[in-house]
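*Asks:* Contents of data-v3.cif (mmCIF, C-alpha atoms and all ligand atoms) are given next:
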data_coords
#
loop_
_atom_site.group_PDB
_atom_site.id
_atom_site.type_symbol
_atom_site.label_atom_id
_atom_site.label_comp_id
_atom_site.auth_asym_id
_atom_site.auth_seq_id
_atom_site.Cartn_x
_atom_site.Cartn_y
_atom_site.Cartn_z
ATOM 1 C CA MET A 1 16.153 18.079 -1.544
ATOM 2 C CA LYS A 2 15.673 14.846 0.442
ATOM 3 C CA VAL A 3 12.270 13.157 0.087
ATOM 4 C CA THR A 4 10.884 12.632 3.603
ATOM 5 C CA LYS A 5 7.141 13.117 3.067
ATOM 6 C CA ALA A 6 4.654 10.686 1.563
ATOM 7 C CA VAL A 7 0.973 10.838 0.726
ATOM 8 C CA ILE A 8 -1.241 7.748 0.692
ATOM 9 C CA PRO A 9 -4.564 8.385 -1.068
ATOM 10 C CA ALA A 10 -7.058 6.030 0.578
ATOM 11 C CA ALA A 11 -10.384 7.758 0.024
ATOM 12 C CA GLY A 12 -11.686 5.751 -2.936
ATOM 13 C CA LEU A 13 -15.008 3.944 -2.785
ATOM 14 C CA GLY A 14 -13.587 0.527 -3.650
ATOM 15 C CA THR A 15 -16.553 -0.451 -5.801
ATOM 16 C CA ARG A 16 -14.644 -3.321 -7.461
ATOM 17 C CA VAL A 17 -14.280 -5.189 -4.184
ATOM 18 C CA LEU A 18 -17.840 -4.815 -2.884
ATOM 19 C CA PRO A 19 -19.444 -6.081 -0.711
ATOM 20 C CA ALA A 20 -16.234 -6.408 1.371
ATOM 21 C CA THR A 21 -15.761 -2.660 1.154
ATOM 22 C CA LYS A 22 -19.291 -1.600 2.026
ATOM 23 C CA ALA A 23 -18.272 -0.621 5.575
ATOM 24 C CA MET A 24 -14.571 -1.555 5.516
ATOM 25 C CA PRO A 25 -12.008 0.487 3.550
ATOM 26 C CA LYS A 26 -10.203 -1.640 0.940
ATOM 27 C CA GLU A 27 -6.933 -0.309 2.361
ATOM 28 C CA MET A 28 -7.788 -2.223 5.574
ATOM 29 C CA LEU A 29 -8.360 -5.584 3.852
ATOM 30 C CA THR A 30 -6.152 -8.149 5.575
ATOM 31 C CA ILE A 31 -3.210 -9.835 3.883
ATOM 32 C CA VAL A 32 -2.250 -12.761 6.168
ATOM 33 C CA ASP A 33 -2.038 -10.849 9.464
ATOM 34 C CA LYS A 34 -1.748 -7.160 8.580
ATOM 35 C CA PRO A 35 -4.015 -4.686 6.798
ATOM 36 C CA ALA A 36 -2.869 -3.695 3.297
ATOM 37 C CA ILE A 37 -2.118 -0.124 4.332
ATOM 38 C CA GLN A 38 0.400 -1.266 6.966
ATOM 39 C CA TYR A 39 2.511 -2.944 4.251
ATOM 40 C CA ILE A 40 2.406 0.366 2.353
ATOM 41 C CA VAL A 41 3.379 2.474 5.389
ATOM 42 C CA GLU A 42 6.239 0.036 6.116
ATOM 43 C CA GLU A 43 7.476 0.335 2.513
ATOM 44 C CA ALA A 44 7.499 4.153 2.856
ATOM 45 C CA VAL A 45 9.360 4.005 6.177
ATOM 46 C CA ASN A 46 11.903 1.553 4.724
ATOM 47 C CA SER A 47 12.437 4.089 1.916
ATOM 48 C CA GLY A 48 13.442 6.880 4.328
ATOM 49 C CA ILE A 49 10.027 8.548 4.684
ATOM 50 C CA THR A 50 9.370 10.083 8.121
ATOM 51 C CA ASP A 51 6.052 11.924 7.619
ATOM 52 C CA ILE A 52 2.980 10.371 6.025
ATOM 53 C CA LEU A 53 -0.369 11.933 5.181
ATOM 54 C CA ILE A 54 -3.200 9.457 4.649
ATOM 55 C CA ILE A 55 -6.121 10.848 2.641
ATOM 56 C CA THR A 56 -9.336 9.354 4.030
ATOM 57 C CA ASN A 57 -13.024 10.073 3.923
ATOM 58 C CA ARG A 58 -16.176 9.347 5.883
ATOM 59 C CA GLY A 59 -16.271 5.917 7.474
ATOM 60 C CA LYS A 60 -12.533 5.310 7.332
ATOM 61 C CA GLY A 61 -11.678 6.184 10.946
ATOM 62 C CA ILE A 62 -10.598 2.569 11.462
ATOM 63 C CA MET A 63 -7.326 3.467 9.679
ATOM 64 C CA GLU A 64 -6.589 6.140 12.301
ATOM 65 C CA ASP A 65 -7.255 3.601 15.061
ATOM 66 C CA HIS A 66 -4.857 1.125 13.479
ATOM 67 C CA PHE A 67 -1.887 3.512 13.663
ATOM 68 C CA ASP A 68 -2.812 4.803 17.153
ATOM 69 C CA ARG A 69 -1.968 3.296 20.563
ATOM 70 C CA ALA A 70 -4.489 0.753 21.909
ATOM 71 C CA PRO A 71 -4.211 1.104 25.738
ATOM 72 C CA GLU A 72 -6.761 -1.565 26.792
ATOM 73 C CA LEU A 73 -5.365 -4.139 24.404
ATOM 74 C CA GLU A 74 -1.786 -3.306 25.397
ATOM 75 C CA VAL A 75 -2.537 -3.726 29.125
ATOM 76 C CA ARG A 76 -4.191 -7.088 28.464
ATOM 77 C CA LEU A 77 -1.246 -8.308 26.363
ATOM 78 C CA GLN A 78 1.195 -7.264 29.099
ATOM 79 C CA GLN A 79 -0.886 -8.901 31.836
ATOM 80 C CA THR A 80 -1.025 -12.162 29.929
ATOM 81 C CA GLY A 81 2.706 -12.135 29.153
ATOM 82 C CA LYS A 82 2.250 -11.857 25.380
ATOM 83 C CA THR A 83 5.252 -9.570 25.070
ATOM 84 C CA ASP A 84 6.057 -10.318 21.405
ATOM 85 C CA VAL A 85 2.577 -9.331 20.275
ATOM 86 C CA TYR A 86 2.651 -6.336 22.644
ATOM 87 C CA ASP A 87 5.896 -5.073 21.087
ATOM 88 C CA GLU A 88 4.519 -5.570 17.589
ATOM 89 C CA ILE A 89 1.268 -3.744 18.387
ATOM 90 C CA VAL A 90 3.035 -0.762 19.990
ATOM 91 C CA SER A 91 5.583 -0.542 17.139
ATOM 92 C CA ILE A 92 2.762 0.075 14.612
ATOM 93 C CA SER A 93 1.999 3.398 16.319
ATOM 94 C CA ARG A 94 5.668 4.381 16.146
ATOM 95 C CA LEU A 95 6.318 3.666 12.459
ATOM 96 C CA ALA A 96 6.217 7.311 11.360
ATOM 97 C CA ASN A 97 4.514 10.644 12.014
ATOM 98 C CA ILE A 98 1.147 9.828 10.495
ATOM 99 C CA PHE A 99 -1.364 12.555 9.664
ATOM 100 C CA PHE A 100 -4.871 12.269 8.271
ATOM 101 C CA ILE A 101 -7.033 14.557 6.170
ATOM 102 C CA ARG A 102 -10.427 13.952 4.624
ATOM 103 C CA GLN A 103 -11.107 14.279 0.935
ATOM 104 C CA LYS A 104 -14.611 15.667 1.324
ATOM 105 C CA GLU A 105 -15.846 14.536 -2.084
ATOM 106 C CA THR A 106 -14.588 11.505 -4.005
ATOM 107 C CA LYS A 107 -13.507 13.411 -7.098
ATOM 108 C CA GLY A 108 -10.600 11.235 -8.183
ATOM 109 C CA LEU A 109 -6.961 10.452 -7.433
ATOM 110 C CA GLY A 110 -5.721 13.851 -8.700
ATOM 111 C CA HIS A 111 -8.176 15.633 -6.414
ATOM 112 C CA ALA A 112 -7.113 13.400 -3.483
ATOM 113 C CA VAL A 113 -3.450 14.346 -4.024
ATOM 114 C CA SER A 114 -4.354 18.049 -4.188
ATOM 115 C CA CYS A 115 -5.708 17.723 -0.609
ATOM 116 C CA ALA A 116 -2.059 17.215 0.483
ATOM 117 C CA ARG A 117 -0.887 20.673 -0.604
ATOM 118 C CA SER A 118 -0.427 22.298 2.812
ATOM 119 C CA PHE A 119 1.151 19.115 4.267
ATOM 120 C CA VAL A 120 3.667 18.920 1.417
ATOM 121 C CA GLY A 121 4.593 22.604 1.161
ATOM 122 C CA ASN A 122 7.443 23.229 -1.254
ATOM 123 C CA GLU A 123 9.113 19.799 -1.142
ATOM 124 C CA PRO A 124 9.243 16.776 -3.412
ATOM 125 C CA PHE A 125 7.030 13.982 -2.044
ATOM 126 C CA ALA A 126 6.160 10.370 -2.661
ATOM 127 C CA VAL A 127 2.659 9.095 -3.475
ATOM 128 C CA LEU A 128 1.864 5.479 -2.593
ATOM 129 C CA TYR A 129 -1.554 4.403 -3.896
ATOM 130 C CA GLY A 130 -3.458 2.989 -0.944
ATOM 131 C CA ASP A 131 -4.670 -0.112 -2.739
ATOM 132 C CA ASP A 132 -1.357 -1.144 -4.328
ATOM 133 C CA VAL A 133 0.804 -3.353 -2.117
ATOM 134 C CA ILE A 134 4.298 -3.926 -3.499
ATOM 135 C CA ILE A 135 6.505 -6.594 -1.964
ATOM 136 C CA GLY A 136 10.220 -6.791 -2.723
ATOM 137 C CA ASP A 137 13.664 -6.726 -1.140
ATOM 138 C CA ASP A 138 14.333 -3.178 -2.359
ATOM 139 C CA PRO A 139 11.299 -0.980 -1.477
ATOM 140 C CA ALA A 140 9.695 0.386 -4.662
ATOM 141 C CA CYS A 141 9.225 3.852 -3.162
ATOM 142 C CA GLY A 142 12.963 4.017 -2.403
ATOM 143 C CA GLN A 143 13.799 3.055 -6.001
ATOM 144 C CA LEU A 144 11.744 6.038 -7.211
ATOM 145 C CA ILE A 145 13.361 8.370 -4.680
ATOM 146 C CA ARG A 146 16.795 7.347 -6.024
ATOM 147 C CA ALA A 147 15.628 8.128 -9.584
ATOM 148 C CA TYR A 148 14.393 11.537 -8.405
ATOM 149 C CA GLU A 149 17.773 12.208 -6.773
ATOM 150 C CA LYS A 150 19.612 11.105 -9.921
ATOM 151 C CA TYR A 151 17.705 13.203 -12.495
ATOM 152 C CA GLY A 152 15.999 15.883 -10.355
ATOM 153 C CA LYS A 153 12.667 15.159 -12.070
ATOM 154 C CA ALA A 154 9.417 13.615 -10.891
ATOM 155 C CA ALA A 155 9.507 9.808 -11.096
ATOM 156 C CA VAL A 156 6.759 7.258 -11.723
ATOM 157 C CA GLY A 157 6.721 3.524 -11.038
ATOM 158 C CA ILE A 158 6.002 1.729 -14.299
ATOM 159 C CA LYS A 159 5.249 -1.830 -15.399
ATOM 160 C CA ALA A 160 4.352 -3.318 -18.767
ATOM 161 C CA VAL A 161 0.744 -4.558 -18.747
ATOM 162 C CA PRO A 162 -0.911 -7.051 -21.149
ATOM 163 C CA GLU A 163 -2.105 -5.545 -24.443
ATOM 164 C CA ASP A 164 -5.795 -6.149 -23.747
ATOM 165 C CA ALA A 165 -5.509 -4.577 -20.256
ATOM 166 C CA ILE A 166 -3.871 -1.256 -21.195
ATOM 167 C CA TYR A 167 -7.304 0.339 -21.749
ATOM 168 C CA LYS A 168 -7.984 0.120 -17.985
ATOM 169 C CA TYR A 169 -4.708 1.834 -17.094
ATOM 170 C CA SER A 170 -2.525 4.748 -18.215
ATOM 171 C CA SER A 171 -0.241 4.415 -21.243
ATOM 172 C CA LEU A 172 3.170 6.124 -21.399
ATOM 173 C CA LYS A 173 5.424 7.365 -24.191
ATOM 174 C CA VAL A 174 8.937 6.386 -23.098
ATOM 175 C CA GLU A 175 12.566 6.309 -24.258
ATOM 176 C CA HIS A 176 15.011 3.983 -22.576
ATOM 177 C CA LEU A 177 17.683 5.732 -20.482
ATOM 178 C CA THR A 178 19.659 3.023 -18.682
ATOM 179 C CA ASP A 179 18.913 -0.255 -16.838
ATOM 180 C CA ASN A 180 15.303 -0.051 -15.642
ATOM 181 C CA LEU A 181 15.014 3.737 -16.121
ATOM 182 C CA TYR A 182 13.078 5.513 -18.893
ATOM 183 C CA ASN A 183 12.382 9.103 -19.859
ATOM 184 C CA CYS A 184 8.634 9.637 -20.168
ATOM 185 C CA THR A 185 7.528 12.521 -22.392
ATOM 186 C CA ASP A 186 3.782 11.910 -22.712
ATOM 187 C CA MET A 187 0.977 9.859 -21.194
ATOM 188 C CA ILE A 188 -2.736 9.202 -21.467
ATOM 189 C CA GLU A 189 -5.193 7.847 -18.880
ATOM 190 C CA LYS A 190 -7.364 4.941 -20.073
ATOM 191 C CA PRO A 191 -6.748 5.129 -23.862
ATOM 192 C CA LYS A 192 -9.969 4.600 -25.794
ATOM 193 C CA SER A 193 -8.505 3.037 -28.940
ATOM 194 C CA LYS A 194 -5.375 1.281 -30.232
ATOM 195 C CA GLU A 195 -4.279 4.553 -31.893
ATOM 196 C CA GLN A 196 -4.191 6.270 -28.483
ATOM 197 C CA VAL A 197 -1.926 3.632 -26.895
ATOM 198 C CA LEU A 198 1.575 5.142 -26.475
ATOM 199 C CA SER A 199 3.194 1.942 -25.107
ATOM 200 C CA LEU A 200 2.231 -0.938 -22.839
ATOM 201 C CA PHE A 201 4.039 0.765 -19.936
ATOM 202 C CA SER A 202 1.610 2.020 -17.349
ATOM 203 C CA ILE A 203 2.004 3.892 -14.048
ATOM 204 C CA LEU A 204 1.355 1.388 -11.305
ATOM 205 C CA GLY A 205 1.119 2.327 -7.666
ATOM 206 C CA ARG A 206 3.912 4.757 -6.896
ATOM 207 C CA CYS A 207 5.292 8.163 -7.865
ATOM 208 C CA VAL A 208 7.570 10.883 -6.540
ATOM 209 C CA LEU A 209 6.250 14.306 -7.467
ATOM 210 C CA THR A 210 7.589 17.818 -7.375
ATOM 211 C CA PRO A 211 5.405 20.483 -5.676
ATOM 212 C CA ASP A 212 4.624 22.215 -9.003
ATOM 213 C CA ILE A 213 2.053 19.419 -9.484
ATOM 214 C CA PHE A 214 -0.343 21.319 -7.165
ATOM 215 C CA ASP A 215 -0.682 24.364 -9.476
ATOM 216 C CA ILE A 216 -1.192 22.000 -12.402
ATOM 217 C CA LEU A 217 -3.850 20.003 -10.496
ATOM 218 C CA GLU A 218 -5.724 23.211 -9.715
ATOM 219 C CA HIS A 219 -6.240 23.706 -13.459
ATOM 220 C CA THR A 220 -6.870 20.060 -14.344
ATOM 221 C CA ALA A 221 -10.427 19.455 -15.557
ATOM 222 C CA PRO A 222 -12.201 16.155 -14.854
ATOM 223 C CA GLY A 223 -10.995 13.476 -17.282
ATOM 224 C CA ALA A 224 -11.682 9.730 -17.666
ATOM 225 C CA GLY A 225 -14.706 8.640 -15.588
ATOM 226 C CA GLY A 226 -15.509 12.287 -14.750
ATOM 227 C CA GLU A 227 -12.716 12.222 -12.116
ATOM 228 C CA ILE A 228 -9.771 14.613 -11.694
ATOM 229 C CA GLN A 229 -7.011 12.308 -12.896
ATOM 230 C CA LEU A 230 -3.473 12.490 -11.527
ATOM 231 C CA THR A 231 -2.244 11.198 -14.895
ATOM 232 C CA ASP A 232 -3.664 14.281 -16.658
ATOM 233 C CA ALA A 233 -1.643 16.545 -14.339
ATOM 234 C CA MET A 234 1.510 14.411 -14.618
ATOM 235 C CA LYS A 235 1.158 14.575 -18.408
ATOM 236 C CA THR A 236 1.895 18.317 -18.221
ATOM 237 C CA LEU A 237 5.107 17.588 -16.287
ATOM 238 C CA ALA A 238 6.050 14.841 -18.776
ATOM 239 C CA GLN A 239 5.501 17.098 -21.799
ATOM 240 C CA THR A 240 7.407 20.064 -20.337
ATOM 241 C CA VAL A 241 10.318 18.835 -18.204
ATOM 242 C CA GLY A 242 9.977 15.068 -18.591
ATOM 243 C CA ILE A 243 9.361 12.435 -15.933
ATOM 244 C CA THR A 244 11.572 9.463 -15.099
ATOM 245 C CA GLY A 245 9.859 6.082 -15.420
ATOM 246 C CA VAL A 246 11.201 3.400 -13.080
ATOM 247 C CA ASP A 247 10.401 -0.204 -14.005
ATOM 248 C CA TYR A 248 10.711 -1.121 -10.332
ATOM 249 C CA THR A 249 11.597 -4.522 -8.931
ATOM 250 C CA GLY A 250 9.039 -6.087 -6.602
ATOM 251 C CA LYS A 251 5.651 -7.698 -7.077
ATOM 252 C CA ARG A 252 2.569 -5.502 -7.068
ATOM 253 C CA TYR A 253 -0.768 -6.713 -5.740
ATOM 254 C CA ASP A 254 -3.948 -4.821 -6.647
ATOM 255 C CA MET A 255 -6.057 -4.736 -3.494
ATOM 256 C CA GLY A 256 -8.785 -2.934 -5.425
ATOM 257 C CA ASP A 257 -9.469 -6.123 -7.372
ATOM 258 C CA LYS A 258 -10.874 -9.420 -6.056
ATOM 259 C CA LEU A 259 -8.319 -11.651 -7.813
ATOM 260 C CA GLY A 260 -5.524 -9.293 -6.686
ATOM 261 C CA THR A 261 -6.531 -9.684 -3.025
ATOM 262 C CA LEU A 262 -6.473 -13.494 -3.348
ATOM 263 C CA GLN A 263 -3.037 -13.470 -5.040
ATOM 264 C CA ALA A 264 -1.663 -11.204 -2.309
ATOM 265 C CA THR A 265 -2.946 -13.472 0.439
ATOM 266 C CA VAL A 266 -1.610 -16.693 -1.093
ATOM 267 C CA GLU A 267 1.809 -15.388 -2.167
ATOM 268 C CA ILE A 268 2.548 -13.370 0.974
ATOM 269 C CA ALA A 269 1.416 -16.300 3.152
ATOM 270 C CA LEU A 270 3.791 -18.608 1.250
ATOM 271 C CA ARG A 271 6.686 -16.245 2.079
ATOM 272 C CA ASN A 272 5.741 -15.994 5.758
ATOM 273 C CA PRO A 273 8.508 -17.479 7.963
ATOM 274 C CA LYS A 274 6.066 -19.266 10.307
ATOM 275 C CA LEU A 275 3.080 -20.022 8.088
ATOM 276 C CA GLY A 276 4.827 -20.528 4.732
ATOM 277 C CA GLU A 277 5.737 -24.221 5.064
ATOM 278 C CA PRO A 278 2.474 -25.527 6.572
ATOM 279 C CA PHE A 279 0.474 -23.394 4.133
ATOM 280 C CA LYS A 280 2.435 -24.785 1.165
ATOM 281 C CA GLU A 281 1.750 -28.360 2.352
ATOM 282 C CA TYR A 282 -1.936 -27.522 2.735
ATOM 283 C CA LEU A 283 -2.115 -26.040 -0.788
ATOM 284 C CA LYS A 284 -0.329 -29.052 -2.325
ATOM 285 C CA GLU A 285 -2.906 -31.409 -0.811
ATOM 286 C CA LEU A 286 -5.769 -29.111 -1.717
ATOM 287 C CA VAL A 287 -4.931 -28.782 -5.428
ATOM 288 C CA LYS A 288 -5.087 -32.591 -5.769
ATOM 289 C CA THR A 289 -8.786 -32.417 -4.944
ATOM 290 C CA PHE A 290 -9.670 -29.761 -7.593
HETATM 291 P P1 LIG B 301 -8.975 3.705 -7.600
HETATM 292 O O1 LIG B 301 -9.578 4.363 -8.776
HETATM 293 O O2 LIG B 301 -8.443 2.327 -7.740
HETATM 294 O O3 LIG B 301 -9.975 3.675 -6.354
HETATM 295 O O4 LIG B 301 -7.894 4.711 -7.000
HETATM 296 P P2 LIG B 301 -11.530 3.491 -6.253
HETATM 297 O O5 LIG B 301 -12.239 4.714 -6.705
HETATM 298 O O6 LIG B 301 -11.755 3.082 -4.837
HETATM 299 O O7 LIG B 301 -11.794 2.266 -7.242
HETATM 300 P P3 LIG B 301 -13.102 1.482 -7.661
HETATM 301 O O8 LIG B 301 -14.314 2.162 -7.076
HETATM 302 O O9 LIG B 301 -12.973 0.087 -7.089
HETATM 303 O O10 LIG B 301 -13.042 1.465 -9.142
HETATM 304 C C1 LIG B 301 -6.546 4.427 -6.611
HETATM 305 C C2 LIG B 301 -6.256 4.957 -5.221
HETATM 306 O O11 LIG B 301 -6.684 6.310 -5.087
HETATM 307 C C3 LIG B 301 -7.568 6.471 -3.989
HETATM 308 C C4 LIG B 301 -8.129 5.075 -3.728
HETATM 309 O O12 LIG B 301 -8.459 4.933 -2.341
HETATM 310 C C5 LIG B 301 -6.983 4.176 -4.135
HETATM 311 O O13 LIG B 301 -6.101 3.929 -3.070
HETATM 312 N N1 LIG B 301 -8.597 7.472 -4.349
HETATM 313 C C6 LIG B 301 -9.323 7.343 -5.497
HETATM 314 C C7 LIG B 301 -8.818 8.542 -3.500
HETATM 315 O O14 LIG B 301 -8.163 8.674 -2.433
HETATM 316 N N2 LIG B 301 -9.782 9.452 -3.839
HETATM 317 C C8 LIG B 301 -10.523 9.354 -4.976
HETATM 318 O O15 LIG B 301 -11.381 10.248 -5.213
HETATM 319 C C9 LIG B 301 -10.290 8.263 -5.828
#
Please render this file's structure as structure tokens.
Ligand code: UTP
*Replies:*
Amino acid sequence: MKVTKAVIPAAGLGTRVLPATKAMPKEMLTIVDKPAIQYIVEEAVNSGITDILIITNRGKGIMEDHFDRAPELEVRLQQTGKTDVYDEIVSISRLANIFFIRQKETKGLGHAVSCARSFVGNEPFAVLYGDDVIIGDDPACGQLIRAYEKYGKAAVGIKAVPEDAIYKYSSLKVEHLTDNLYNCTDMIEKPKSKEQVLSLFSILGRCVLTPDIFDILEHTAPGAGGEIQLTDAMKTLAQTVGITGVDYTGKRYDMGDKLGTLQATVEIALRNPKLGEPFKEYLKELVKTF
């Protein structure tokens, strides 16, 4: 079955990027000239997704406004002849069919995904973590969809992380299949000791799940940090039918982390067709003074 639906969990509290995220969702933090979540929606659309459910919570209405029309602004842009900006602004509201639902309590990523059950129905669907921006020529979400189509199993985006960092992430037991594809048969969220580490491959930012995940999530008890962990539910899939790990191409930026937001801004600005060159010159001069 074709994957046309995506879920973007964006209801986290963003405590690692406070105070920026006291009133502003981290998914709306700006990278150059667009909020992080717009890059993520564009990646989904470029992967063939037509329907997107964004999981929000209290105080995140600004995300709904961003993907809506903005009549007063549009009239002003037209009146002042700023047609390029007008077209760009209107096109944001036409990217996809975007739906919103509130996760009423912040009980973890697994719980956030379970809020998508009635939207998803009985179809495979993509999950794009709202604070992970991935930039690359071949959209990461599309790479996972191709893996799902190839093997008919759920697929997770994986990357090797440094040895001392694996304790903050998930750790996966994998066997190499071909190219950048792996068969994952076990996983653990935030291993507590070296003995629990299955490999340095971790799930980062993206997955394509089959709808049987919802029954599993219903019976998943709170795990690491007292939260209902998506990894704990995916572990059941890995141990029973297996999951395909895709070591995707593209650079991931963690918008839930202060250094990650700075890296995203600098690197994406350097690739910007208009700002890239002057920004590079500015940086070259600046580094001489530090
Ligand atoms: P994180 O664990 O990075 O989000 O979840 P967080 O809770 O905001 O992080 P802290 O407070 O800085 O440690 C990954 C993604 O899952 C969403 C987040 O919005 C983020 O996009 N999420 C997390 C939810 O939608 N609901 C939750 O209950 C938890």
*Asks:* Of the residues A:Ala224, A:Val156, A:Met234, A:Ile216, which is the one nearest to ligand LIG 301 (chain B), using only C-alpha atoms and all ligand atoms?
*Replies:*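 That would be A:Ala224, the residue with the smallest distance to ligand LIG 301 (chain B).
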*Asks:* Which residues, written as a VMD selection string, have at least one atom at most 10 Å from segment 262-264 of chain A, with only C-alpha atoms counted and residues fewer than 4 positions away on the same chain left out?
*Replies:* chain A and resid 30 to 32 36 133 to 135 251 to 255 257 to 258 268 to 270
*Asks:* Name the residues, by chain letter and number, that sit within 10 Å of ligand LIG 301 (chain B) using all atoms listed in the file, and give them as number ranges by chain.
*Replies:* A: 7-18, 21, 25-27, 37, 54-57, 102-113, 115, 127-132, 169, 204-205, 225, 227-230, 254-258
*Asks:* Convert the output of the PyMOL selection byres (((chain A and resi 66) around 12) and not hetatm) on the shown file into explicit residues, formatted as a VMD selection string.
*Replies:* chain A and resid 27 to 28 34 to 38 41 60 to 65 67 to 70 89 to 95 98
*Asks:* Hey, can you spit out that residue selection with C-alpha atoms as a CSV table (one decimal), in the frame of the given file?
*Replies:*
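Saved result, part39.csv, follows:
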chain,number,residue,atom,x,y,z
A,27,GLU,CA,-6.9,-0.3,2.4
A,28,MET,CA,-7.8,-2.2,5.6
A,34,LYS,CA,-1.7,-7.2,8.6
A,35,PRO,CA,-4.0,-4.7,6.8
A,36,ALA,CA,-2.9,-3.7,3.3
A,37,ILE,CA,-2.1,-0.1,4.3
A,38,GLN,CA,0.4,-1.3,7.0
A,41,VAL,CA,3.4,2.5,5.4
A,60,LYS,CA,-12.5,5.3,7.3
A,61,GLY,CA,-11.7,6.2,10.9
A,62,ILE,CA,-10.6,2.6,11.5
A,63,MET,CA,-7.3,3.5,9.7
A,64,GLU,CA,-6.6,6.1,12.3
A,65,ASP,CA,-7.3,3.6,15.1
A,67,PHE,CA,-1.9,3.5,13.7
A,68,ASP,CA,-2.8,4.8,17.2
A,69,ARG,CA,-2.0,3.3,20.6
A,70,ALA,CA,-4.5,0.8,21.9
A,89,ILE,CA,1.3,-3.7,18.4
A,90,VAL,CA,3.0,-0.8,20.0
A,91,SER,CA,5.6,-0.5,17.1
A,92,ILE,CA,2.8,0.1,14.6
A,93,SER,CA,2.0,3.4,16.3
A,94,ARG,CA,5.7,4.4,16.1
A,95,LEU,CA,6.3,3.7,12.5
A,98,ILE,CA,1.1,9.8,10.5
*Asks:* Restricting the calculation to only C-alpha atoms, which member of A:Ile203, A:Leu275, A:Ala147, A:Ile101 is positioned closest to Thr178 of chain A?
*Replies:*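 Residue with the minimum atom-to-atom distance to Thr178 of chain A: A:Ala147.
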*Asks:* Evaluate the PyMOL selection byres (((chain A and resi 189) around 10) and not hetatm) and record the selected residues as a list in words, following the chain and residue labels used in the document.
*Replies:* Ile166, Tyr167, Lys168, Tyr169, Ser170, Ser171, Leu172, Met187, Ile188, Lys190, Pro191, Lys192, Gln196, Val197, Ser202, Ile203, Gly223, Ala224, Gln229, Leu230, Thr231, Asp232 and Lys235 of chain A
*Asks:* If the PyMOL selection byres (((chain A and resi 279-285) around 12) and not hetatm) were run on this exact file, what residues would it hold? Put them as a list in words.
*Replies:*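 Matching residues under the PyMOL selection byres (((chain A and resi 279-285) around 12) and not hetatm) are Val32, Thr265, Val266, Glu267, Ile268, Ala269, Leu270, Arg271, Asn272, Pro273, Lys274, Leu275, Gly276, Glu277, Pro278, Leu286, Val287, Lys288, Thr289 and Phe290 of chain A.
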*Asks:* Between A:Val161, A:Leu209, A:Met1, A:Met24, which has the minimum distance to Ser114 of chain A (counting only C-alpha atoms)?
*Replies:* A:Leu209
*Asks:* Leaving out Leu181 of chain A and any residue of its chain fewer than 4 positions from it, which residues lie within 7 Å of it when counting all atoms listed in the file, given as a PyMOL selection string?
*Replies:* chain A and resi 176-177+244-247
*Asks:* Which of these, A:Gly242, A:Leu77, A:Ala233, A:Pro19, has the shortest distance to Tyr151 of chain A once you count only C-alpha atoms?
*Replies:*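 Closest to Tyr151 of chain A of all the choices is A:Gly242.
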*Asks:* Can you work out which one of A:Lys150, A:Lys5, A:Lys194, A:Lys82 has the shortest atom-to-atom distance to Pro211 of chain A, counting only C-alpha atoms?
*Replies:*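 Among the listed residues, A:Lys5 lies closest to Pro211 of chain A.
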*Asks:* Name all residues at most 12 Å from Lys2 of chain A (count all atoms listed in the file; drop same-chain ones fewer than 5 positions away) and give them as a list of chain:residue names.
*Replies:*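 In the requested format, the answer is A:Ser47, A:Gly48, A:Ile49, A:Thr50, A:Asn122, A:Glu123, A:Pro124, A:Phe125, A:Ala126, A:Gly142, A:Ile145, A:Arg146, A:Tyr148, A:Glu149, A:Lys150, A:Gly152, A:Val208, A:Thr210.
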*Asks:* Just the number, please: distance in Å from atom CA of Cys141 of chain A to atom CA of Cys207 of chain A, one decimal.
*Replies:*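 Between atom CA of Cys141 of chain A and atom CA of Cys207 of chain A the gap is 7.5 Å.
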*Asks:* At what distance in Å, to one decimal, does atom CA of His219 of chain A lie from atom CA of Ala44 of chain A?
*Replies:*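 Atom-to-atom, atom CA of Ala44 of chain A to atom CA of His219 of chain A, that is 28.9 Å.
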*Asks:* Interatomic distance between atom CA of Cys184 of chain A and atom CA of Arg206 of chain A?
*Replies:* 14.9 Å
*Asks:* What box, with edges along x, y and z, holds each listed atom of segment 28-35 of chain A when 8 Å is added on every side, and can you state its centre and edge lengths in Å to one decimal, as lines of an AutoDock Vina configuration file?
*Replies:*
center_x = -5.1
center_y = -7.5
center_z = 6.7
size_x = 22.6
size_y = 26.5
size_z = 21.6
*Asks:* Which residues, written as a list of chain:residue names, have at least one atom at most 6 Å from segment 136-140 of chain A, with only C-alpha atoms counted and residues fewer than 4 positions away on the same chain left out?
*Replies:*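 In the requested form, the answer reads A:Glu43, A:Tyr248, A:Gly250.
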